[in-house]
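Visitor: For reference, the structure I am asking about is given below.
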Amino acid sequence: MRSALMLGCLLACGPDAGEGESASSTDRIVSSDAEPRPRLRSPAEAPDLAPDDPERVQVELTAAPHSFEVAGQAVEGWAYNAQVPGPTLRLTRGQILEVTLHNALTDPTTIHWHGLHVPFEMDGATWMHDPVQPGQSFTYSFIVDQVGTFWYHPHFDTARQVDLGLYGAIVVDDPDEPEVDLDVVAILDAWAEIDDRDDHHGLDGTSPLLTVNGARDPILEAPPGSVARIRWINAANLAYAGIRSEGMTVIAGDQGLLAAPRHGEVLLTPGERAETEHLLGEAVEILGDPWSLYGGRTPGPVQRLLTVEPSEVREAPQSPAWAFSGLPPTPDPLSTDLVYVLQGDPMTQDWRINGERFPDITPFHLDLDAEAILEVRNLSGSEHPFHLHGHAFEVLSRDGVAPPYREIVDTVNVRLFESLRLRLVADNPGSWMVHCHILPHADQGMMTILGVGDGPHEPHDHRGR
């Protein structure tokens with residue numbers, strides 16, 4: 001990519017300040033010196049081509065080369081429907097999502113529906129299904145029976161194609177949830193300098209520039225006295241983002257509403273999502289703490305991600321009546337069915353699961369509808385977002401400590417030398433990817449297959465990386 005910036009860069013590996021530690025008020029905050037600051041908008045929604053059909057949403061996406069700007073820098077990349085991030089796909093729970101992908105690239109590609117429980121034939125993984133070739137089209141079609149914030153991206157030459165700009169949001173609405181005044185998609189990506197110029201706008205060549213929908217340090221305009229719901233997606237290849245703001249409440253995660261709200265901050269690893277609520281009496285700044293995949297929060301400068309700015313100061317509104325379940329975690333049976341050991345060295349970039357590099361792996365297998373306890377152990381020199389296709393799972397414990405409330409996710413960070421215990425109900429048949437969502441780690445081998453139900457589960461090709 002001919003640009004002074006590069007997508008998906010690596011965070012600086014400073015000393016670990018510990019997860020959950022917020023920066024103090026004395027930390028230096030980096031913000032844009034551009035005036036006027038850009039205005040944040042949700043990525044434009046894809047038009048429904050069958051608006052009179054209440055049972056389905058029909059969309060067309062064309063993947064093609066595209067020139068665009070990020071933080072004022074020209075990028076020669078790729079895009080869906082000539083926009084980066086790609087069009088937001090919005091539907092209501094229970095509808096059929098029908099997406100026709102037209103490949104106008106010179107390379108094969110696919111679409112993977114991150115976090116959605118789609119049929120295996122629709123998953124976009126290519127070890128058992130062919131990708132969409134240049135000049136060809138393919139229609140993905142499936143019922144969506146989940147609620148929340150999800151995203152889509154290729155799963156062919158994944159790290160490179162996501163890097164070039166192929167990603168977008170999926171919002172699945174629940175008609176029973178409260179309405180808010182402002183509902184915004186905010187997709188994070190990470191950029192870094194790759195040249196030796198001096199005018200690098202505060203970047204030191206190792207720390208990334210986090211952008212929101214391609215904008216640096218934007219302003220989100222809001223009605224006075226309003227409730228804002230921000231749907232965060234971390235689409236970066238490598239960068240972690242610690243998000244915090246005064247009065248912020250985390251209301252949802254990977255799989256919709258949390259069991260109970262969390263206040264103050266949230267860490268988003270690559271692939272993860274979160275939804276935050278902001279009760280706007282006056283303007284609030286949302287900050288991004290610097291994080292390293294080599295051990296946690298770093299002592300570098302804090303970045304202002306965006307400012308939510310009401311048109312005038314008013315009394316802050318009350319929070320809507322979100323239907324938090326309040327459920328406790330499922331009791332751990334203290335048995336273990338499957339063990340995943342994450343191994344690797346940042347110096348050699350040799351990343352493995354259970355000592356094996358994809359595609360030379362030994363798939364695990366579970367019977368359809370089996371309940372299994374997974375133990376994930378990180379013995380490598382990096383943190384890893386552990387992601388499973390086609391399913392969600394419950395986090396039972398971290399290093400033996402159970403969460404305060406039930407935690408259902410599809411992507412979970414495994415810290416250095418940490419051991420997680422996860423509960424999985426294998427209710428979706430297929431040969432599912434299990435991999436680190438630091439995409440270069442998966443590309444370099446940290447990926448395997450979990451077979452669910454009958455059928456062959458051996459990979460016939462490594463192109464799905």
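Following the order of the structure tokens, first chain is A, next is B, and so on, with residues numbered from 1 inside each chain and ligands from 1 in the order they appear.
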Might you pull out every residue within 7 Å of Tyr240 in chain A, with only C-alpha atoms counted and same-chain residues fewer than 3 positions away left off, and present them as a PyMOL selection string?
Guide: chain A and resi 268-270+291-293
Visitor: Using the selection just defined, write its residues with N, CA and C atoms as an mmCIF file, in the first residue's frame.
Guide:
```cif
data_model
loop_
_atom_site.group_PDB
_atom_site.id
_atom_site.type_symbol
_atom_site.label_atom_id
_atom_site.label_comp_id
_atom_site.auth_asym_id
_atom_site.auth_seq_id
_atom_site.Cartn_x
_atom_site.Cartn_y
_atom_site.Cartn_z
ATOM 1 N N LEU A 268 -10.884 -3.721 24.382
ATOM 2 C CA LEU A 268 -11.290 -4.397 23.152
ATOM 3 C C LEU A 268 -10.053 -4.927 22.443
ATOM 4 N N THR A 269 -9.977 -6.255 22.309
ATOM 5 C CA THR A 269 -8.924 -6.872 21.529
ATOM 6 C C THR A 269 -9.410 -7.027 20.092
ATOM 7 N N PRO A 270 -8.526 -7.318 19.146
ATOM 8 C CA PRO A 270 -8.976 -7.489 17.762
ATOM 9 C C PRO A 270 -10.107 -8.514 17.650
ATOM 10 N N TRP A 291 -2.212 0.016 24.876
ATOM 11 C CA TRP A 291 -2.091 -1.365 25.330
ATOM 12 C C TRP A 291 -1.097 -2.107 24.451
ATOM 13 N N SER A 292 -0.448 -3.087 25.031
ATOM 14 C CA SER A 292 0.479 -3.923 24.292
ATOM 15 C C SER A 292 0.022 -5.367 24.356
ATOM 16 N N LEU A 293 0.047 -6.053 23.223
ATOM 17 C CA LEU A 293 -0.279 -7.475 23.244
ATOM 18 C C LEU A 293 0.818 -8.286 23.922
#
```
Visitor: Set the distance at 8 Å and use only C-alpha atoms: which residues neighbour Thr211 in chain A once local chain neighbours fewer than 4 positions away are removed? I'd like the list as number ranges by chain.
Guide: A: 70-71, 187-191, 215-217, 305
Visitor: Those selected residues, please, written with N, CA and C atoms and delivered as a tab-separated table (two decimals), in the first residue's frame.
Guide:
```tsv
chain	number	residue	atom	x	y	z
A	70	VAL	N	-7.36	8.29	5.26
A	70	VAL	CA	-7.42	8.01	6.68
A	70	VAL	C	-6.59	9.08	7.38
A	71	ALA	N	-7.24	9.85	8.25
A	71	ALA	CA	-6.56	10.92	8.99
A	71	ALA	C	-5.77	11.82	8.04
A	187	ILE	N	-16.13	1.93	14.43
A	187	ILE	CA	-15.19	0.86	14.11
A	187	ILE	C	-13.77	1.38	14.27
A	188	LEU	N	-13.03	0.72	15.16
A	188	LEU	CA	-11.64	1.08	15.41
A	188	LEU	C	-10.72	0.37	14.44
A	189	ASP	N	-9.72	1.09	13.97
A	189	ASP	CA	-8.63	0.46	13.23
A	189	ASP	C	-7.34	1.14	13.67
A	190	ALA	N	-6.20	0.51	13.39
A	190	ALA	CA	-4.91	1.00	13.87
A	190	ALA	C	-3.99	1.27	12.70
A	191	TRP	N	-3.32	2.42	12.76
A	191	TRP	CA	-2.44	2.86	11.69
A	191	TRP	C	-1.12	3.32	12.30
A	215	ALA	N	-11.61	8.21	10.95
A	215	ALA	CA	-11.34	9.59	11.36
A	215	ALA	C	-10.49	9.61	12.62
A	216	ARG	N	-9.59	10.59	12.69
A	216	ARG	CA	-8.79	10.77	13.89
A	216	ARG	C	-9.41	11.84	14.77
A	217	ASP	N	-9.67	11.49	16.03
A	217	ASP	CA	-10.12	12.44	17.04
A	217	ASP	C	-11.36	13.22	16.58
A	305	LEU	N	-10.04	9.35	21.57
A	305	LEU	CA	-10.65	8.67	20.44
A	305	LEU	C	-11.72	9.53	19.79
```
Visitor: Taking only C-alpha atoms into account, produce a table as CSV in which each residue of range 212-306 of chain A with an atom at most 12 Å from an atom of range 170-178 of chain A appears once, together with its shortest atom pair and the distance in Å to one decimal, ordered by chain and rising number.
Guide:
```
residue,atom,partner,partner_atom,distance
A:Val227,CA,A:Pro178,CA,10.7
A:Ala228,CA,A:Pro178,CA,11.9
A:Arg229,CA,A:Pro178,CA,10.8
A:Ile230,CA,A:Val171,CA,11.6
A:Arg231,CA,A:Val171,CA,8.7
A:Trp232,CA,A:Val171,CA,11.1
A:Ile233,CA,A:Ile170,CA,10.0
A:Ile251,CA,A:Glu177,CA,11.9
A:Asp254,CA,A:Val171,CA,11.6
A:Gln255,CA,A:Val172,CA,10.5
A:Gly256,CA,A:Val172,CA,9.2
A:Leu257,CA,A:Glu177,CA,9.7
A:Arg273,CA,A:Ile170,CA,11.0
A:Glu275,CA,A:Val171,CA,11.2
```
Visitor: Write the residues of the selection above to a file with C-alpha atoms, as a PDB file, in the first residue's frame.
Guide:
```
ATOM      1  CA  VAL A 227     -28.781   9.024  25.588  1.00  0.00           C
ATOM      2  CA  ALA A 228     -26.058   7.831  23.214  1.00  0.00           C
ATOM      3  CA  ARG A 229     -25.393   4.169  22.422  1.00  0.00           C
ATOM      4  CA  ILE A 230     -22.010   3.572  20.774  1.00  0.00           C
ATOM      5  CA  ARG A 231     -21.371   0.186  19.154  1.00  0.00           C
ATOM      6  CA  TRP A 232     -17.604  -0.383  19.198  1.00  0.00           C
ATOM      7  CA  ILE A 233     -15.886  -2.899  16.907  1.00  0.00           C
ATOM      8  CA  ILE A 251     -24.073  -2.364  28.422  1.00  0.00           C
ATOM      9  CA  ASP A 254     -19.879  -9.795  21.771  1.00  0.00           C
ATOM     10  CA  GLN A 255     -23.297 -11.431  22.117  1.00  0.00           C
ATOM     11  CA  GLY A 256     -25.665  -8.630  23.053  1.00  0.00           C
ATOM     12  CA  LEU A 257     -26.620  -7.232  26.454  1.00  0.00           C
ATOM     13  CA  ARG A 273     -17.193  -5.697  20.291  1.00  0.00           C
ATOM     14  CA  GLU A 275     -21.625  -1.233  23.403  1.00  0.00           C
TER      15      GLU A 275
END
```
Visitor: Range 71-107 of chain A near range 148-164 of chain A within 10 Å: what's each residue's closest atom pair and its distance in Å to one decimal, counting only C-alpha atoms, ordered by chain then ascending residue number, as CSV?
Guide:
```
residue,atom,partner,partner_atom,distance
A:Val75,CA,A:Leu164,CA,8.8
A:Glu76,CA,A:Leu164,CA,8.0
A:Gly77,CA,A:Leu164,CA,4.7
A:Trp78,CA,A:Leu164,CA,5.3
A:Ala79,CA,A:Leu164,CA,7.7
A:Tyr80,CA,A:His153,CA,9.8
A:Val84,CA,A:Leu164,CA,9.4
A:Gly86,CA,A:Tyr152,CA,9.0
A:Thr88,CA,A:Trp151,CA,8.6
A:Leu89,CA,A:Trp151,CA,8.8
A:Arg90,CA,A:Thr149,CA,9.6
A:Thr92,CA,A:Gly148,CA,9.9
A:Arg93,CA,A:Gly148,CA,9.2
A:Asp107,CA,A:Asp157,CA,9.3
```
Visitor: Could the residues in this selection be written to a file with C-alpha atoms, as a compact mmCIF listing (two decimals), in the first residue's frame?
Guide:
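Below is the file out-v7.txt, written as the result:
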```
# COMPACT_ATOMS: atom_id res chain seq x y z
CA VAL A 75 -4.53 5.09 0.91
CA GLU A 76 -4.72 2.75 -2.07
CA GLY A 77 -6.78 -0.06 -0.61
CA TRP A 78 -9.88 -2.17 -1.12
CA ALA A 79 -13.47 -1.54 -0.11
CA TYR A 80 -17.00 -2.87 -0.11
CA VAL A 84 -14.28 2.10 4.30
CA GLY A 86 -18.01 -0.99 4.49
CA THR A 88 -23.47 -1.35 7.85
CA LEU A 89 -25.88 -4.27 7.52
CA ARG A 90 -28.88 -3.64 9.76
CA THR A 92 -34.07 -7.30 13.10
CA ARG A 93 -33.70 -10.57 14.96
CA ASP A 107 -7.74 -12.03 -5.91
```
Visitor: Which neighbours of Asn413 in chain A fall inside 8 Å, counting only C-alpha atoms, when residues of the same chain fewer than 2 positions from it are skipped, and could you give them as an NGL selection string?
Guide: :A and (269 or 383-386 or 411 or 415)
